[in-house]
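Here's structure25.tsv, which has TSV, C-alpha atoms and all ligand atoms:
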chain	number	residue	atom	x	y	z
Z	1	MET	CA	-29.55	-4.68	-34.29
Z	2	SER	CA	-25.91	-4.34	-35.22
Z	3	LEU	CA	-24.38	-0.94	-34.79
Z	4	ASP	CA	-22.56	0.59	-37.72
Z	5	PRO	CA	-19.47	2.53	-36.57
Z	6	LYS	CA	-19.75	4.86	-39.57
Z	7	ARG	CA	-23.32	5.77	-38.70
Z	8	HIS	CA	-23.37	5.46	-34.93
Z	9	LEU	CA	-19.95	6.81	-33.91
Z	10	SER	CA	-18.54	10.30	-34.28
Z	11	ARG	CA	-16.03	10.93	-37.04
Z	12	GLN	CA	-13.54	12.08	-34.43
Z	13	ILE	CA	-13.65	8.83	-32.47
Z	14	GLN	CA	-13.34	6.81	-35.67
Z	15	GLN	CA	-10.13	8.66	-36.47
Z	16	ILE	CA	-8.25	7.88	-33.29
Z	17	PRO	CA	-6.46	4.57	-32.63
Z	18	ARG	CA	-6.48	2.72	-29.30
Z	19	SER	CA	-3.39	3.39	-27.23
Z	20	GLY	CA	-0.49	1.20	-28.40
Z	21	ILE	CA	0.49	0.78	-24.76
Z	22	ARG	CA	-2.86	-0.69	-23.79
Z	23	ASP	CA	-2.91	-3.01	-26.80
Z	24	PHE	CA	0.47	-4.34	-25.86
Z	25	PHE	CA	-0.47	-4.82	-22.22
Z	26	GLU	CA	-3.51	-6.89	-23.03
Z	27	LEU	CA	-0.97	-9.56	-23.98
Z	28	VAL	CA	0.42	-9.45	-20.44
Z	29	ILE	CA	-2.88	-9.80	-18.57
Z	30	GLY	CA	-3.10	-13.06	-16.65
Z	31	ARG	CA	0.63	-13.81	-16.91
Z	32	ASP	CA	2.11	-13.76	-13.39
Z	33	ASP	CA	5.58	-14.68	-14.63
Z	34	VAL	CA	6.03	-11.40	-16.50
Z	35	ILE	CA	8.20	-8.57	-15.15
Z	36	SER	CA	6.74	-5.35	-16.38
Z	37	LEU	CA	8.79	-2.24	-17.12
Z	38	GLY	CA	5.85	-1.10	-19.15
Z	39	VAL	CA	3.42	1.09	-17.30
Z	40	GLY	CA	4.60	4.62	-16.59
Z	41	GLU	CA	3.85	4.82	-12.92
Z	42	PRO	CA	5.82	4.62	-9.68
Z	43	ASP	CA	6.04	1.23	-8.01
Z	44	PHE	CA	5.67	3.03	-4.67
Z	45	SER	CA	2.32	3.49	-2.98
Z	46	SER	CA	1.59	7.13	-2.19
Z	47	PRO	CA	3.52	8.11	0.96
Z	48	TRP	CA	1.69	7.16	4.15
Z	49	HIS	CA	1.12	10.72	5.43
Z	50	ILE	CA	-0.70	11.50	2.16
Z	51	ARG	CA	-2.91	8.42	2.41
Z	52	GLU	CA	-3.55	9.28	6.07
Z	53	ALA	CA	-4.64	12.82	5.17
Z	54	ALA	CA	-7.13	11.30	2.70
Z	55	ILE	CA	-8.41	8.84	5.33
Z	56	TYR	CA	-8.84	11.58	7.97
Z	57	SER	CA	-10.65	13.74	5.46
Z	58	LEU	CA	-13.13	10.94	4.80
Z	59	GLU	CA	-13.43	10.35	8.53
Z	60	ARG	CA	-14.37	14.00	9.00
Z	61	GLY	CA	-17.14	13.42	6.47
Z	62	GLU	CA	-15.61	15.59	3.74
Z	63	THR	CA	-17.47	14.00	0.87
Z	64	SER	CA	-18.96	17.03	-0.90
Z	65	TYR	CA	-18.34	18.81	-4.17
Z	66	THR	CA	-15.81	21.63	-4.04
Z	67	SER	CA	-15.68	24.86	-6.00
Z	68	ASN	CA	-15.32	24.11	-9.72
Z	69	LEU	CA	-11.80	25.52	-9.66
Z	70	GLY	CA	-10.93	23.29	-6.69
Z	71	LEU	CA	-10.32	23.95	-2.98
Z	72	LEU	CA	-8.93	27.45	-2.50
Z	73	SER	CA	-6.48	26.11	0.11
Z	74	LEU	CA	-5.00	23.74	-2.51
Z	75	ARG	CA	-4.84	26.47	-5.14
Z	76	GLN	CA	-2.98	28.66	-2.64
Z	77	GLU	CA	-0.48	25.87	-1.96
Z	78	ILE	CA	-0.02	25.37	-5.71
Z	79	SER	CA	0.50	29.09	-6.24
Z	80	SER	CA	3.30	29.17	-3.61
Z	81	TYR	CA	4.87	25.94	-4.90
Z	82	VAL	CA	4.91	27.04	-8.54
Z	83	GLU	CA	6.45	30.36	-7.54
Z	84	ARG	CA	9.14	28.67	-5.38
Z	85	GLN	CA	9.92	25.86	-7.79
Z	86	PHE	CA	9.51	27.48	-11.22
Z	87	GLY	CA	9.50	31.24	-10.62
Z	88	MET	CA	6.02	32.08	-11.96
Z	89	ARG	CA	3.33	33.75	-9.88
Z	90	TYR	CA	-0.32	32.76	-10.52
Z	91	ASP	CA	-3.38	34.15	-8.77
Z	92	PRO	CA	-5.00	31.24	-6.87
Z	93	LYS	CA	-8.43	32.85	-7.29
Z	94	SER	CA	-8.47	33.15	-11.07
Z	95	GLU	CA	-5.46	31.48	-12.71
Z	96	ILE	CA	-5.31	27.97	-11.23
Z	97	LEU	CA	-7.68	25.10	-12.04
Z	98	ILE	CA	-7.56	21.73	-10.24
Z	99	THR	CA	-8.21	18.88	-12.67
Z	100	VAL	CA	-8.62	15.11	-12.76
Z	101	GLY	CA	-4.96	14.54	-13.52
Z	102	VAL	CA	-2.91	16.30	-16.17
Z	103	SER	CA	-4.85	14.10	-18.62
Z	104	GLU	CA	-8.02	16.10	-18.05
Z	105	ALA	CA	-6.14	19.40	-18.20
Z	106	ILE	CA	-4.73	18.50	-21.65
Z	107	ASP	CA	-8.22	17.71	-22.94
Z	108	LEU	CA	-9.69	20.91	-21.46
Z	109	ALA	CA	-6.92	23.06	-22.90
Z	110	PHE	CA	-7.33	21.76	-26.45
Z	111	ARG	CA	-11.11	21.98	-26.28
Z	112	ALA	CA	-10.90	25.53	-24.96
Z	113	LEU	CA	-8.41	26.68	-27.61
Z	114	LEU	CA	-9.21	25.03	-30.90
Z	115	ASN	CA	-11.61	25.63	-33.75
Z	116	PRO	CA	-12.06	22.89	-36.38
Z	117	GLY	CA	-8.97	22.64	-38.56
Z	118	ASP	CA	-6.62	24.57	-36.26
Z	119	GLU	CA	-3.16	23.02	-36.27
Z	120	VAL	CA	-1.29	22.02	-33.14
Z	121	ILE	CA	2.39	21.12	-33.23
Z	122	TYR	CA	3.67	18.39	-30.93
Z	123	HIS	CA	7.03	16.66	-30.76
Z	124	GLU	CA	7.27	12.89	-31.07
Z	125	PRO	CA	8.10	10.36	-29.69
Z	126	CYS	CA	5.70	11.63	-27.04
Z	127	TYR	CA	3.05	10.77	-24.50
Z	128	VAL	CA	0.34	8.82	-26.27
Z	129	SER	CA	-2.56	11.16	-25.52
Z	130	TYR	CA	-1.42	14.34	-27.28
Z	131	ASN	CA	-2.31	13.39	-30.84
Z	132	PRO	CA	-5.78	11.93	-30.04
Z	133	SER	CA	-6.61	14.79	-27.65
Z	134	ILE	CA	-5.99	17.28	-30.47
Z	135	THR	CA	-8.15	15.22	-32.87
Z	136	LEU	CA	-10.97	14.91	-30.33
Z	137	ALA	CA	-10.97	18.71	-30.02
Z	138	TYR	CA	-11.35	18.96	-33.84
Z	139	GLY	CA	-7.77	20.16	-34.27
Z	140	LEU	CA	-5.15	18.88	-36.71
Z	141	PRO	CA	-2.15	17.27	-35.01
Z	142	VAL	CA	1.16	18.21	-36.65
Z	143	ALA	CA	4.04	16.05	-35.48
Z	144	VAL	CA	7.68	17.12	-35.50
Z	145	SER	CA	10.46	14.67	-34.68
Z	146	ALA	CA	12.84	14.89	-31.78
Z	147	THR	CA	15.47	12.61	-33.26
Z	148	PRO	CA	17.85	10.06	-31.70
Z	149	GLU	CA	20.78	11.91	-33.33
Z	150	ASP	CA	19.89	14.88	-31.09
Z	151	ASP	CA	19.33	12.66	-28.03
Z	152	PHE	CA	15.61	13.28	-28.58
Z	153	ALA	CA	15.90	16.96	-27.69
Z	154	LEU	CA	13.70	19.30	-29.71
Z	155	ARG	CA	15.22	22.01	-31.92
Z	156	ALA	CA	13.57	25.40	-32.37
Z	157	SER	CA	14.36	25.16	-36.10
Z	158	THR	CA	12.33	21.92	-36.31
Z	159	VAL	CA	9.34	23.65	-34.72
Z	160	GLU	CA	9.74	26.62	-37.05
Z	161	SER	CA	9.58	24.42	-40.15
Z	162	ALA	CA	6.14	23.11	-39.08
Z	163	ILE	CA	4.48	26.49	-38.43
Z	164	THR	CA	1.79	27.53	-40.93
Z	165	PRO	CA	-0.84	30.30	-40.86
Z	166	LYS	CA	-3.20	27.70	-39.32
Z	167	THR	CA	-0.96	26.88	-36.34
Z	168	ARG	CA	-2.70	27.87	-33.12
Z	169	ALA	CA	-0.82	26.01	-30.42
Z	170	LEU	CA	2.19	23.95	-29.52
Z	171	ILE	CA	2.51	21.31	-26.80
Z	172	LEU	CA	5.84	20.68	-25.10
Z	173	ASN	CA	6.80	17.99	-22.61
Z	174	PHE	CA	10.20	18.23	-20.93
Z	175	PRO	CA	11.47	16.01	-19.40
Z	176	THR	CA	9.82	13.80	-22.00
Z	177	ASN	CA	7.83	10.61	-21.77
Z	178	PRO	CA	9.00	8.19	-23.31
Z	179	THR	CA	12.63	9.23	-23.88
Z	180	GLY	CA	13.62	11.06	-20.69
Z	181	ALA	CA	14.99	13.89	-22.88
Z	182	VAL	CA	15.36	17.41	-21.52
Z	183	ILE	CA	15.66	20.58	-23.57
Z	184	GLU	CA	18.46	23.12	-23.59
Z	185	ARG	CA	17.50	26.60	-22.47
Z	186	ARG	CA	18.82	28.04	-25.74
Z	187	GLU	CA	16.36	25.91	-27.78
Z	188	LEU	CA	13.51	26.75	-25.40
Z	189	GLU	CA	14.27	30.44	-25.88
Z	190	GLY	CA	14.15	29.93	-29.66
Z	191	ILE	CA	10.77	28.21	-29.35
Z	192	ALA	CA	9.46	30.99	-27.10
Z	193	GLU	CA	10.48	33.59	-29.70
Z	194	LEU	CA	8.59	31.62	-32.37
Z	195	ALA	CA	5.50	31.44	-30.14
Z	196	VAL	CA	5.54	35.21	-29.67
Z	197	GLN	CA	6.27	35.91	-33.33
Z	198	HIS	CA	3.47	33.60	-34.58
Z	199	ASP	CA	1.03	34.32	-31.75
Z	200	LEU	CA	0.86	30.71	-30.54
Z	201	ILE	CA	-0.44	29.36	-27.24
Z	202	VAL	CA	1.97	26.90	-25.62
Z	203	LEU	CA	0.82	23.99	-23.46
Z	204	SER	CA	3.73	23.01	-21.29
Z	205	ASP	CA	3.33	19.60	-19.69
Z	206	GLU	CA	5.90	19.68	-16.89
Z	207	ILE	CA	4.66	16.63	-14.97
Z	208	TYR	CA	8.21	15.17	-14.73
Z	209	SER	CA	10.01	18.44	-14.03
Z	210	GLU	CA	11.27	17.53	-10.53
Z	211	LEU	CA	12.57	14.13	-11.67
Z	212	ARG	CA	15.94	15.10	-13.16
Z	213	TYR	CA	19.39	13.49	-13.10
Z	214	ASP	CA	23.06	14.31	-13.55
Z	215	GLY	CA	22.48	18.00	-12.80
Z	216	ALA	CA	20.06	18.49	-15.71
Z	217	GLU	CA	18.44	21.91	-15.46
Z	218	HIS	CA	14.82	22.79	-15.97
Z	219	THR	CA	13.31	26.06	-17.14
Z	220	SER	CA	9.59	26.51	-17.54
Z	221	ILE	CA	8.85	28.22	-20.84
Z	222	ALA	CA	6.34	30.39	-18.96
Z	223	THR	CA	9.26	32.28	-17.38
Z	224	LEU	CA	10.71	33.39	-20.73
Z	225	PRO	CA	9.98	36.87	-22.12
Z	226	GLY	CA	6.42	37.31	-23.37
Z	227	MET	CA	5.46	33.73	-22.49
Z	228	LYS	CA	3.46	33.82	-19.25
Z	229	ASP	CA	0.49	35.38	-21.06
Z	230	ARG	CA	0.46	32.64	-23.70
Z	231	THR	CA	1.40	29.52	-21.70
Z	232	ILE	CA	-0.82	26.91	-20.10
Z	233	PHE	CA	1.43	25.32	-17.50
Z	234	LEU	CA	0.36	21.76	-16.65
Z	235	HIS	CA	1.50	19.81	-13.64
Z	236	GLY	CA	0.23	17.12	-11.28
Z	237	PHE	CA	0.85	14.72	-8.46
Z	238	SER	CA	0.89	11.35	-10.25
Z	239	LYS	CA	4.61	11.01	-10.81
Z	240	TYR	CA	6.69	12.97	-8.29
Z	241	HIS	CA	4.37	12.19	-5.37
Z	242	ALA	CA	3.42	8.69	-6.59
Z	243	MET	CA	-0.30	9.54	-6.60
Z	244	THR	CA	-1.51	8.17	-9.96
Z	245	GLY	CA	-4.69	6.63	-8.51
Z	246	PHE	CA	-5.75	9.87	-6.82
Z	247	ARG	CA	-6.22	11.34	-10.33
Z	248	ILE	CA	-5.24	14.87	-9.48
Z	249	GLY	CA	-3.44	17.59	-11.43
Z	250	TYR	CA	-3.69	21.28	-12.24
Z	251	SER	CA	-3.24	23.98	-14.83
Z	252	CYS	CA	-1.92	27.50	-14.33
Z	253	ALA	CA	-2.77	29.99	-17.05
Z	254	PRO	CA	-3.97	33.55	-17.65
Z	255	GLY	CA	-7.50	34.20	-16.29
Z	256	ILE	CA	-9.19	34.16	-19.70
Z	257	LEU	CA	-7.81	30.68	-20.50
Z	258	THR	CA	-8.44	29.34	-17.00
Z	259	GLU	CA	-12.05	30.55	-17.17
Z	260	ALA	CA	-12.52	28.91	-20.59
Z	261	MET	CA	-11.09	25.59	-19.35
Z	262	MET	CA	-13.13	25.84	-16.16
Z	263	LYS	CA	-16.36	26.16	-18.18
Z	264	ILE	CA	-15.73	22.78	-19.85
Z	265	HIS	CA	-14.56	21.24	-16.57
Z	266	GLN	CA	-17.69	22.42	-14.71
Z	267	TYR	CA	-20.01	20.77	-17.22
Z	268	SER	CA	-18.02	17.59	-17.76
Z	269	MET	CA	-16.36	16.91	-14.40
Z	270	LEU	CA	-17.81	19.51	-12.02
Z	271	CYS	CA	-14.75	19.30	-9.79
Z	272	ALA	CA	-11.88	16.99	-8.93
Z	273	PRO	CA	-12.65	14.56	-6.06
Z	274	ILE	CA	-12.40	16.31	-2.69
Z	275	THR	CA	-10.45	13.43	-1.07
Z	276	SER	CA	-7.79	13.71	-3.76
Z	277	GLN	CA	-7.64	17.48	-3.35
Z	278	VAL	CA	-7.03	17.09	0.39
Z	279	ALA	CA	-4.33	14.48	-0.29
Z	280	ALA	CA	-2.67	16.80	-2.83
Z	281	THR	CA	-2.68	19.65	-0.30
Z	282	GLU	CA	-0.85	17.38	2.14
Z	283	ALA	CA	1.65	16.39	-0.57
Z	284	LEU	CA	2.53	20.05	-1.18
Z	285	ARG	CA	2.67	20.95	2.53
Z	286	ASN	CA	4.63	17.98	3.83
Z	287	GLY	CA	5.59	15.72	0.93
Z	288	ALA	CA	9.01	17.05	-0.05
Z	289	GLN	CA	11.07	14.55	1.92
Z	290	ALA	CA	9.23	11.42	0.78
Z	291	ALA	CA	9.33	12.63	-2.82
Z	292	ARG	CA	13.09	13.29	-2.58
Z	293	GLN	CA	13.62	9.75	-1.27
Z	294	MET	CA	11.72	8.22	-4.19
Z	295	HIS	CA	13.68	10.42	-6.57
Z	296	GLN	CA	16.91	9.14	-5.01
Z	297	THR	CA	15.78	5.57	-5.63
Z	298	TYR	CA	14.98	6.34	-9.27
Z	299	THR	CA	18.45	7.85	-9.62
Z	300	THR	CA	20.07	4.63	-8.38
Z	301	ARG	CA	17.91	2.50	-10.66
Z	302	ARG	CA	18.60	4.72	-13.67
Z	303	ASN	CA	22.33	4.44	-13.13
Z	304	LEU	CA	22.06	0.68	-12.69
Z	305	LEU	CA	20.12	0.37	-15.91
Z	306	LEU	CA	22.56	2.52	-17.90
Z	307	THR	CA	25.56	0.59	-16.56
Z	308	ARG	CA	23.98	-2.76	-17.43
Z	309	PHE	CA	22.99	-1.64	-20.93
Z	310	ARG	CA	26.46	-0.23	-21.53
Z	311	LYS	CA	28.08	-3.51	-20.44
Z	312	ALA	CA	25.80	-5.47	-22.74
Z	313	GLY	CA	26.54	-3.14	-25.66
Z	314	ILE	CA	22.98	-1.85	-25.89
Z	315	PRO	CA	23.15	1.80	-26.98
Z	316	CYS	CA	21.06	3.99	-24.67
Z	317	PHE	CA	21.32	7.72	-24.27
Z	318	ALA	CA	21.46	8.94	-20.66
Z	319	PRO	CA	18.01	10.34	-19.87
Z	320	GLY	CA	18.11	13.71	-18.11
Z	321	GLY	CA	14.69	13.30	-16.53
Z	322	ALA	CA	11.43	11.36	-15.93
Z	323	PHE	CA	11.77	7.64	-15.12
Z	324	TYR	CA	12.19	6.09	-18.54
Z	325	ALA	CA	15.12	4.79	-20.57
Z	326	PHE	CA	14.81	4.46	-24.34
Z	327	PRO	CA	17.41	1.92	-25.50
Z	328	ASP	CA	18.24	1.61	-29.18
Z	329	ILE	CA	17.59	-1.90	-30.52
Z	330	ARG	CA	18.11	-1.09	-34.21
Z	331	ALA	CA	21.31	-3.14	-34.43
Z	332	THR	CA	19.19	-6.30	-34.06
Z	333	GLY	CA	17.43	-5.46	-37.32
Z	334	MET	CA	14.08	-5.98	-35.55
Z	335	THR	CA	11.19	-3.53	-35.33
Z	336	SER	CA	10.20	-2.26	-31.90
Z	337	GLN	CA	6.99	-4.29	-32.04
Z	338	GLY	CA	8.83	-7.48	-33.02
Z	339	PHE	CA	11.49	-7.01	-30.35
Z	340	ALA	CA	8.95	-6.24	-27.60
Z	341	ARG	CA	6.73	-9.21	-28.53
Z	342	GLU	CA	9.58	-11.71	-28.67
Z	343	LEU	CA	11.09	-10.33	-25.47
Z	344	LEU	CA	7.75	-10.94	-23.82
Z	345	GLU	CA	7.37	-14.44	-25.26
Z	346	GLU	CA	10.95	-15.64	-24.72
Z	347	GLU	CA	12.01	-13.81	-21.55
Z	348	ALA	CA	8.71	-12.73	-19.94
Z	349	VAL	CA	9.68	-9.06	-19.75
Z	350	ALA	CA	7.23	-6.38	-20.86
Z	351	CYS	CA	8.57	-3.10	-22.29
Z	352	VAL	CA	6.66	-0.78	-24.57
Z	353	PRO	CA	7.63	-0.74	-28.29
Z	354	GLY	CA	9.02	2.72	-29.07
Z	355	ASP	CA	6.73	3.30	-32.04
Z	356	ALA	CA	3.72	3.36	-29.67
Z	357	PHE	CA	4.90	6.94	-29.03
Z	358	GLY	CA	5.27	7.96	-32.67
Z	359	PRO	CA	7.17	6.77	-35.75
Z	360	THR	CA	10.49	8.27	-34.61
Z	361	GLY	CA	10.37	5.80	-31.71
Z	362	ASP	CA	10.62	2.76	-34.00
Z	363	GLY	CA	13.83	0.86	-33.29
Z	364	PHE	CA	13.63	1.79	-29.60
Z	365	LEU	CA	12.04	0.37	-26.48
Z	366	ARG	CA	10.61	2.23	-23.50
Z	367	CYS	CA	11.75	0.79	-20.20
Z	368	CYS	CA	10.21	2.36	-17.10
Z	369	TYR	CA	12.60	2.07	-14.17
Z	370	ALA	CA	10.04	3.12	-11.59
Z	371	ALA	CA	9.86	-0.62	-10.90
Z	372	ASN	CA	10.94	-2.64	-7.88
Z	373	THR	CA	14.76	-2.77	-7.79
Z	374	GLU	CA	15.08	-6.58	-7.54
Z	375	ALA	CA	12.59	-7.08	-10.36
Z	376	LEU	CA	14.43	-4.44	-12.39
Z	377	LYS	CA	17.74	-6.29	-11.95
Z	378	GLU	CA	16.19	-9.55	-13.10
Z	379	ALA	CA	14.51	-7.81	-16.05
Z	380	LEU	CA	17.83	-6.26	-17.07
Z	381	ASP	CA	19.50	-9.71	-17.01
Z	382	ARG	CA	16.80	-11.00	-19.30
Z	383	ILE	CA	16.80	-8.00	-21.68
Z	384	CYS	CA	20.59	-8.10	-22.04
Z	385	ARG	CA	20.54	-11.88	-22.65
Z	386	PHE	CA	17.79	-11.50	-25.24
Z	387	TYR	CA	19.57	-8.62	-26.99
Z	388	SER	CA	22.85	-10.50	-27.27
Z	389	LYS	CA	20.99	-13.53	-28.68
Z	390	LYS	CA	19.32	-11.37	-31.32
Z	391	ILE	CA	22.44	-9.49	-32.27
Z	392	ARG	CA	24.50	-12.70	-32.63
Z	393	PRO	CA	22.10	-15.36	-33.83
Z	401	LIG	N1	1.65	13.86	-19.24
Z	401	LIG	C1	2.62	12.97	-19.43
Z	401	LIG	C2	3.84	13.39	-20.19
Z	401	LIG	C3	2.52	11.67	-18.92
Z	401	LIG	O1	3.53	10.80	-19.11
Z	401	LIG	C4	1.34	11.30	-18.22
Z	401	LIG	C5	1.17	9.92	-17.72
Z	401	LIG	O2	1.88	9.01	-18.03
Z	401	LIG	C6	0.36	12.26	-18.06
Z	401	LIG	C7	0.53	13.53	-18.57
Z	401	LIG	C8	-0.93	11.94	-17.34
Z	401	LIG	O3	-0.80	12.24	-16.00
Z	401	LIG	P1	-1.99	12.22	-14.98
Z	401	LIG	O4	-1.88	10.96	-14.20
Z	401	LIG	O5	-1.76	13.45	-14.14
Z	401	LIG	O6	-3.26	12.31	-15.75
Just give me the structure as structure tokens.
Amino acid sequence: MSLDPKRHLSRQIQQIPRSGIRDFFELVIGRDDVISLGVGEPDFSSPWHIREAAIYSLERGETSYTSNLGLLSLRQEISSYVERQFGMRYDPKSEILITVGVSEAIDLAFRALLNPGDEVIYHEPCYVSYNPSITLAYGLPVAVSATPEDDFALRASTVESAITPKTRALILNFPTNPTGAVIERRELEGIAELAVQHDLIVLSDEIYSELRYDGAEHTSIATLPGMKDRTIFLHGFSKYHAMTGFRIGYSCAPGILTEAMMKIHQYSMLCAPITSQVAATEALRNGAQAARQMHQTYTTRRNLLLTRFRKAGIPCFAPGGAFYAFPDIRATGMTSQGFARELLEEEAVACVPGDAFGPTGDGFLRCCYAANTEALKEALDRICRFYSKKIRP
């Protein structure tokens, strides 16, 4: 029997595309010669003391389920960390939910909030999962552009122009994947006022918030007037603590929203893996120094990359955060897809075409500099050589 997608698959799943990043990386599989600046994850293994905590936990036989919300000891650590780092206080017993990465938290939040046809505003270029996660929760994704002319920072006026009576929520991500953009406090305040005025819930994905450069500041929107009661603050361990494979993150939100998200989580996931929760507890208790060292390395690599691009005449705005650069390749006259494919074929370097993150990203390339420094240097040689060939054929 042959299955008919129209009959046998849900309308929601038929609507969403495969991730442009994954499609591109299928081309790389099996090619050992390729240097990849593609995948958005640290090249470091998780720090040893974190791995050791996980190993000891397994050795003690800690292999059970935990509470649906997650280990109380981890929620208490998160509560203190979020208060110290961001200035918000959440009750570990009722306002914090441990999830399988920020990815799960995004899905839970949209499923908990949306009714069919509710609109959600997101800024693009952005992390590839926002648009499909809204669609899968029966919402309508409404994209607004964060433009290169504004160094990819979002303007409150842009958000305002997209609000309709059907708008229920807004998702923000600063510092941003894929551009590394940060947002000025003034614009964030404008957005917060709009959220209050139009009674919107804000999902604030702050997974890169510790990874900032050149003195860039970070304010969580949850700290602005009237916002704590309408913000779902999302954070995790994948990036700053180099723990992608542990699949662990969390949300902090008012009790009513946390309870709603927890109900979905308890039926779909039950709880996050206990080993990962123990490892995350160790990261918060003793991980500051190792994380600072990795951050220092990213800073050096970022500066190296910007210097090399500048020398080669490749326009690239200085990212204030995360671990991505988003160089502008428009002067070559090529599309992002064309540039990325030929770069891969001719120079064996993999970067993600900017339009994988939304149409505003066309003409740009995402380069992740959380890659081994020697490999990064070689990749930069090759990118600069390729760019100068394309600009002066
Ligand atoms: N949010 C953003 C902005 C990301 O870039 C990523 C991963 O690349 C995630 C969330 C997913 O993180 P996690 O590994 O915690 O699921």
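Considering the residues Z:Leu304, Z:Ala272, Z:Val120, Z:Ala169 and counting only C-alpha atoms, Z:Asp381 has its shortest atom-to-atom contact with Z:Leu304.
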### Within-7 Å shell of (-1.9, 1.8, -4.5) in input frame, only C-alpha atoms, as a count of residues only
3
#### Entry: Among listed residues Z:Arg84, Z:Arg285, Z:Arg310, Z:Lys239, nearest ligand LIG 401 (chain Z) (using only C-alpha atoms and all ligand atoms)
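So, comparing all the options, the nearest one is Z:Lys239.
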#### Entry: Non-local contacts of Z:Thr297 (10 Å; only C-alpha atoms; under 4 positions in same chain excluded) as a list in words
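My list of contacting residues is Ala291, Arg292, Gln293, Arg301, Arg302, Tyr369, Ala370, Asn372 and Thr373 of chain Z.
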### Task
Within 9 Å of Z:Ile121, counting only C-alpha atoms, which residues show up once you throw out same-chain ones fewer than 4 positions away? Write them as a PyMOL selection string, please.
chain Z and resi 140-144+159+162-163+167-172
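Taking atom CA of Z:Ile201 as the reference point, atom CA of Z:Glu124 is found at 18.6 Å.
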Check which residues of chain Z sit at most 10 Å from ligand LIG 401 (chain Z) using all atoms listed in the file, and return one row each with the closest pair of atoms and their distance in Å to one decimal, ordered by chain and rising number, as a Markdown table.
| residue | atom | partner | partner_atom | distance |
| --- | --- | --- | --- | --- |
| Z:Val39 | CA | Z:LIG401 | O2 | 8.1 |
| Z:Gly40 | CA | Z:LIG401 | O2 | 5.4 |
| Z:Glu41 | CA | Z:LIG401 | O2 | 6.9 |
| Z:Thr99 | CA | Z:LIG401 | O5 | 8.6 |
| Z:Val100 | CA | Z:LIG401 | O6 | 6.7 |
| Z:Gly101 | CA | Z:LIG401 | O5 | 3.4 |
| Z:Val102 | CA | Z:LIG401 | O5 | 3.7 |
| Z:Ser103 | CA | Z:LIG401 | O6 | 3.7 |
| Z:Glu104 | CA | Z:LIG401 | O6 | 6.5 |
| Z:Ala105 | CA | Z:LIG401 | O6 | 8.0 |
| Z:Ile106 | CA | Z:LIG401 | C7 | 7.9 |
| Z:Cys126 | CA | Z:LIG401 | C2 | 7.3 |
| Z:Tyr127 | CA | Z:LIG401 | C2 | 5.1 |
| Z:Val128 | CA | Z:LIG401 | O1 | 8.1 |
| Z:Ser129 | CA | Z:LIG401 | C7 | 8.0 |
| Z:Tyr130 | CA | Z:LIG401 | N1 | 8.6 |
| Z:Leu172 | CA | Z:LIG401 | C2 | 9.0 |
| Z:Asn173 | CA | Z:LIG401 | C2 | 6.0 |
| Z:Phe174 | CA | Z:LIG401 | C2 | 8.0 |
| Z:Pro175 | CA | Z:LIG401 | C2 | 8.1 |
| Z:Thr176 | CA | Z:LIG401 | C2 | 6.3 |
| Z:Asn177 | CA | Z:LIG401 | O1 | 5.1 |
| Z:Pro178 | CA | Z:LIG401 | O1 | 7.4 |
| Z:Ser204 | CA | Z:LIG401 | N1 | 9.6 |
| Z:Asp205 | CA | Z:LIG401 | N1 | 6.0 |
| Z:Glu206 | CA | Z:LIG401 | C2 | 7.4 |
| Z:Ile207 | CA | Z:LIG401 | N1 | 5.9 |
| Z:Tyr208 | CA | Z:LIG401 | C2 | 7.2 |
| Z:Leu234 | CA | Z:LIG401 | N1 | 8.4 |
| Z:His235 | CA | Z:LIG401 | O5 | 7.2 |
| Z:Gly236 | CA | Z:LIG401 | O5 | 5.1 |
| Z:Phe237 | CA | Z:LIG401 | O5 | 6.4 |
| Z:Ser238 | CA | Z:LIG401 | O4 | 4.8 |
| Z:Lys239 | CA | Z:LIG401 | O4 | 7.3 |
| Z:Ala242 | CA | Z:LIG401 | O4 | 9.5 |
| Z:Met243 | CA | Z:LIG401 | O4 | 7.9 |
| Z:Thr244 | CA | Z:LIG401 | O4 | 5.1 |
| Z:Gly245 | CA | Z:LIG401 | O4 | 7.7 |
| Z:Phe246 | CA | Z:LIG401 | O4 | 8.4 |
| Z:Arg247 | CA | Z:LIG401 | O4 | 5.8 |
| Z:Ile248 | CA | Z:LIG401 | O5 | 6.0 |
| Z:Gly249 | CA | Z:LIG401 | O5 | 5.2 |
| Z:Tyr250 | CA | Z:LIG401 | O5 | 8.3 |
| Z:Ala322 | CA | Z:LIG401 | O1 | 8.5 |
| Z:Phe323 | CA | Z:LIG401 | O1 | 9.7 |
| Z:Tyr324 | CA | Z:LIG401 | O1 | 9.9 |
#### Entry: Contacts of Z:Ile96 at 8 Å (only C-alpha atoms; same-chain gap of 5+ positions) as JSON, numbers by chain
{"Z": [69, 75, 79, 90, 91, 250, 251, 252, 253, 258]}
### Message
For Z:Pro132, find every residue with an atom within 9 Å (counting all atoms listed in the file), except residues of its own chain fewer than 6 positions away, and show them as a list in words.
### Response
Gln12, Ile13, Gln15, Ile16, Pro17 and Pro141 of chain Z
